[in-house]
Structure formats: structure tokens, C-alpha cells
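Read the structure below first, then the notes.
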Amino acid sequence: ANDIYGGDTPEETLELFIQALESGDVELASKYFVVEKQEEGLYDLEIASKENNLAKYLDILNNSGRSASKYDDEIRYEIDFFDENKQQIHIEIFTLNTLTDKWKISEI
């Protein structure tokens with residue numbers, strides 16, 4: 001319940017996540033995942049960083065077209081990313097932590 005990481009909206013969480021990645025702080029970035037996925041997320045981000053894949057991932061997050069939709073349950077939210085040909089290339093799914101009212105990344 002002491003989880004202070006995350007935004008008041010899914011978009012804000014995404015921006016905080018991007019800022020952490022841009023500063024090279026994968027540990028901070030991993031804190032924007034839902035708690036049960038933070039360890040796995042940190043591991044994946046560290047691997048991506050070592051293999052120089054973070055730049056490509058950031059390019060997708062920063063420069064793609066986006067569309068967003070809230071699920072019917074009101075506590076999950078999806079942001080879809082599209083390339084210049086309107087092909088979907090990535091999805092991020094967010095879940096609302098109802099204890100803290102912060103949005104967390106549940107799937108990338």
C-alpha cells in the first residue's frame with residue numbers, strides 16, 4: 001500500500017516510465033509496473049539495456065501514433081501504438097491500483 005509510483009492517469013504513468021527509461025534508470029522504470037511484475041520487469045529492462053534495445057523501445061513509445069481505450073471494468077486501460085502505415089506495433093496495458101489510485105503498467 002506504500003506504493004507511491006505511478007500516475008493519476010495511464011498516460012501520466014507512461015510518461016513517467018518513459019522519463020525513467022530516457023534517464024537510463026531501469027530500476028525506477030520497473031517501479032511503474034504492477035508490484036507482482038516489478039522484478040521480472042526490471043530483469044527484462046536490464047537485458048534490453050545491455051542489448052541496446054531500449055532506444056528502439058523508446059522510439060516506439062515516443063514517436064508512434066497512439067490510441068487508448070478503457071476496459072469495461074474501469075480499472076484496466078490499453079494504449080495501442082501504431083507505425084506510419086497505421087499498423088499496430090505495440091500495446092501497453094495499465095491497471096489501476098485501487099489502494100493508491102495510481103495507474104501501473106501490467107503488460108508490455
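Following the order of the C-alpha cells, first chain is A, next is B, and so on, with residues numbered from 1 inside each chain and ligands from 1 in the order they appear.
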Exercise for review: Determine which residues of segment 10-104 of chain A DSSP labels as strand (DSSP E) from the backbone of this structure, then write them out as a count of residues only.
Suggested key: 26
Point to revise | Near-Glu107 of chain A list (7 Å; only C-alpha atoms; drop same-chain fewer than 5 positions) as number ranges by chain | key: A: 92-94
Just N, CA and C atoms for this one: save the residues we selected as a CSV table (one decimal), in the first residue's frame.
chain,number,residue,atom,x,y,z
A,92,GLU,N,0.5,-1.4,-24.6
A,92,GLU,CA,0.8,-1.3,-23.1
A,92,GLU,C,-0.5,-1.4,-22.4
A,93,ILE,N,-0.6,-2.2,-21.4
A,93,ILE,CA,-1.8,-2.3,-20.6
A,93,ILE,C,-1.6,-1.9,-19.2
A,94,PHE,N,-2.5,-1.1,-18.7
A,94,PHE,CA,-2.3,-0.4,-17.4
A,94,PHE,C,-3.5,-0.9,-16.5
Point to revise | Every residue of segment 44-75 of chain A that DSSP places in helix (DSSP H, G or I), as a list in words | key: Asp44, Leu45, Glu46, Ile47, Ala48, Ser49, Lys50, Leu54, Ala55, Lys56, Tyr57, Leu58, Asp59, Ile60, Leu61, Asn62 and Asn63 of chain A
Written file, previous selection with N, CA and C atoms, as a short mmCIF file (atom, residue, chain, number, x, y, z; two decimals), in the first residue's frame:
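Final output, saved to again.cif:
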data_model
loop_
_atom_site.label_atom_id
_atom_site.label_comp_id
_atom_site.auth_asym_id
_atom_site.auth_seq_id
_atom_site.Cartn_x
_atom_site.Cartn_y
_atom_site.Cartn_z
N ASP A 44 13.86 -7.71 -17.47
CA ASP A 44 13.66 -7.50 -18.91
C ASP A 44 14.25 -6.18 -19.37
N LEU A 45 14.08 -5.13 -18.57
CA LEU A 45 14.62 -3.81 -18.94
C LEU A 45 16.15 -3.81 -18.90
N GLU A 46 16.72 -4.53 -17.92
CA GLU A 46 18.19 -4.62 -17.84
C GLU A 46 18.74 -5.34 -19.07
N ILE A 47 18.09 -6.42 -19.48
CA ILE A 47 18.51 -7.15 -20.68
C ILE A 47 18.40 -6.23 -21.91
N ALA A 48 17.26 -5.55 -22.03
CA ALA A 48 17.06 -4.64 -23.17
C ALA A 48 18.13 -3.56 -23.19
N SER A 49 18.48 -3.07 -22.02
CA SER A 49 19.50 -2.03 -21.92
C SER A 49 20.86 -2.57 -22.37
N LYS A 50 21.22 -3.76 -21.89
CA LYS A 50 22.51 -4.38 -22.25
C LYS A 50 22.58 -4.65 -23.75
N LEU A 54 16.75 -0.59 -25.74
CA LEU A 54 15.91 0.43 -25.10
C LEU A 54 15.63 1.59 -26.05
N ALA A 55 16.61 1.95 -26.86
CA ALA A 55 16.42 3.08 -27.78
C ALA A 55 15.28 2.79 -28.76
N LYS A 56 15.25 1.57 -29.26
CA LYS A 56 14.18 1.19 -30.19
C LYS A 56 12.82 1.22 -29.48
N TYR A 57 12.79 0.69 -28.26
CA TYR A 57 11.56 0.68 -27.47
C TYR A 57 11.09 2.11 -27.20
N LEU A 58 12.02 2.98 -26.81
CA LEU A 58 11.68 4.39 -26.55
C LEU A 58 11.18 5.07 -27.82
N ASP A 59 11.78 4.73 -28.94
CA ASP A 59 11.34 5.31 -30.21
C ASP A 59 9.87 4.96 -30.47
N ILE A 60 9.51 3.70 -30.21
CA ILE A 60 8.11 3.28 -30.37
C ILE A 60 7.22 4.06 -29.41
N LEU A 61 7.63 4.14 -28.14
CA LEU A 61 6.79 4.81 -27.13
C LEU A 61 6.62 6.30 -27.43
N ASN A 62 7.69 6.92 -27.91
CA ASN A 62 7.67 8.38 -28.11
C ASN A 62 7.10 8.82 -29.45
N ASN A 63 7.32 8.03 -30.49
CA ASN A 63 7.09 8.54 -31.84
C ASN A 63 5.99 7.83 -32.62
#
**Study point:** Neighbour list for Asp8 of chain A as a PyMOL selection string, cut-off 9 Å, only C-alpha atoms, skip fewer than 6 positions in-chain
**Key:** chain A and resi 101-103
Practice item. With a distance cut-off of 10 Å and only C-alpha atoms, select the neighbouring residues of Glu78 of chain A, excluding the residue or stretch itself and same-chain residues fewer than 2 positions from it, and output the selection as a list in words. Key: Pro10, Glu11, Ser67, Ala68, Ser69, Lys70, Tyr71, Arg76, Asp80, Phe81, Ile91, Glu92, Ile93, Phe94, Thr95, Ile105, Ser106 and Glu107 of chain A
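Taking atom CA of Ile75 of chain A and atom CA of Gly24 of chain A as the two end points, the separation is 29.2 Å.
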Check your understanding: What is the distance between atom CA of Gln87 of chain A and atom CA of Arg66 of chain A, in Å to one decimal?
Key ->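 Going from atom CA of Gln87 of chain A over to atom CA of Arg66 of chain A, I get 10.9 Å.
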Point to revise | Pairwise distance for atom CA of Asp3 of chain A and atom CA of Thr100 of chain A, rounded to one decimal in Å | key: 7.0 Å
Write out as a compact mmCIF listing (two decimals) with C-alpha atoms, in the first residue's frame which residues come within 7 Å of segment 15-22 of chain A when counting only C-alpha atoms, dropping same-chain ones fewer than 6 positions away.
# COMPACT_ATOMS: atom_id res chain seq x y z
CA LEU A 28 12.97 3.41 -11.35
CA ALA A 29 11.21 2.45 -14.59
CA TYR A 32 5.86 1.66 -12.65
CA LEU A 58 11.68 4.39 -26.55
Practice item. Select, from A:Ser23, A:Asn52, A:Glu84, A:Tyr77, the residue with the minimum atom-to-atom distance to Asn97 of chain A, counting only C-alpha atoms. Key: A:Tyr77
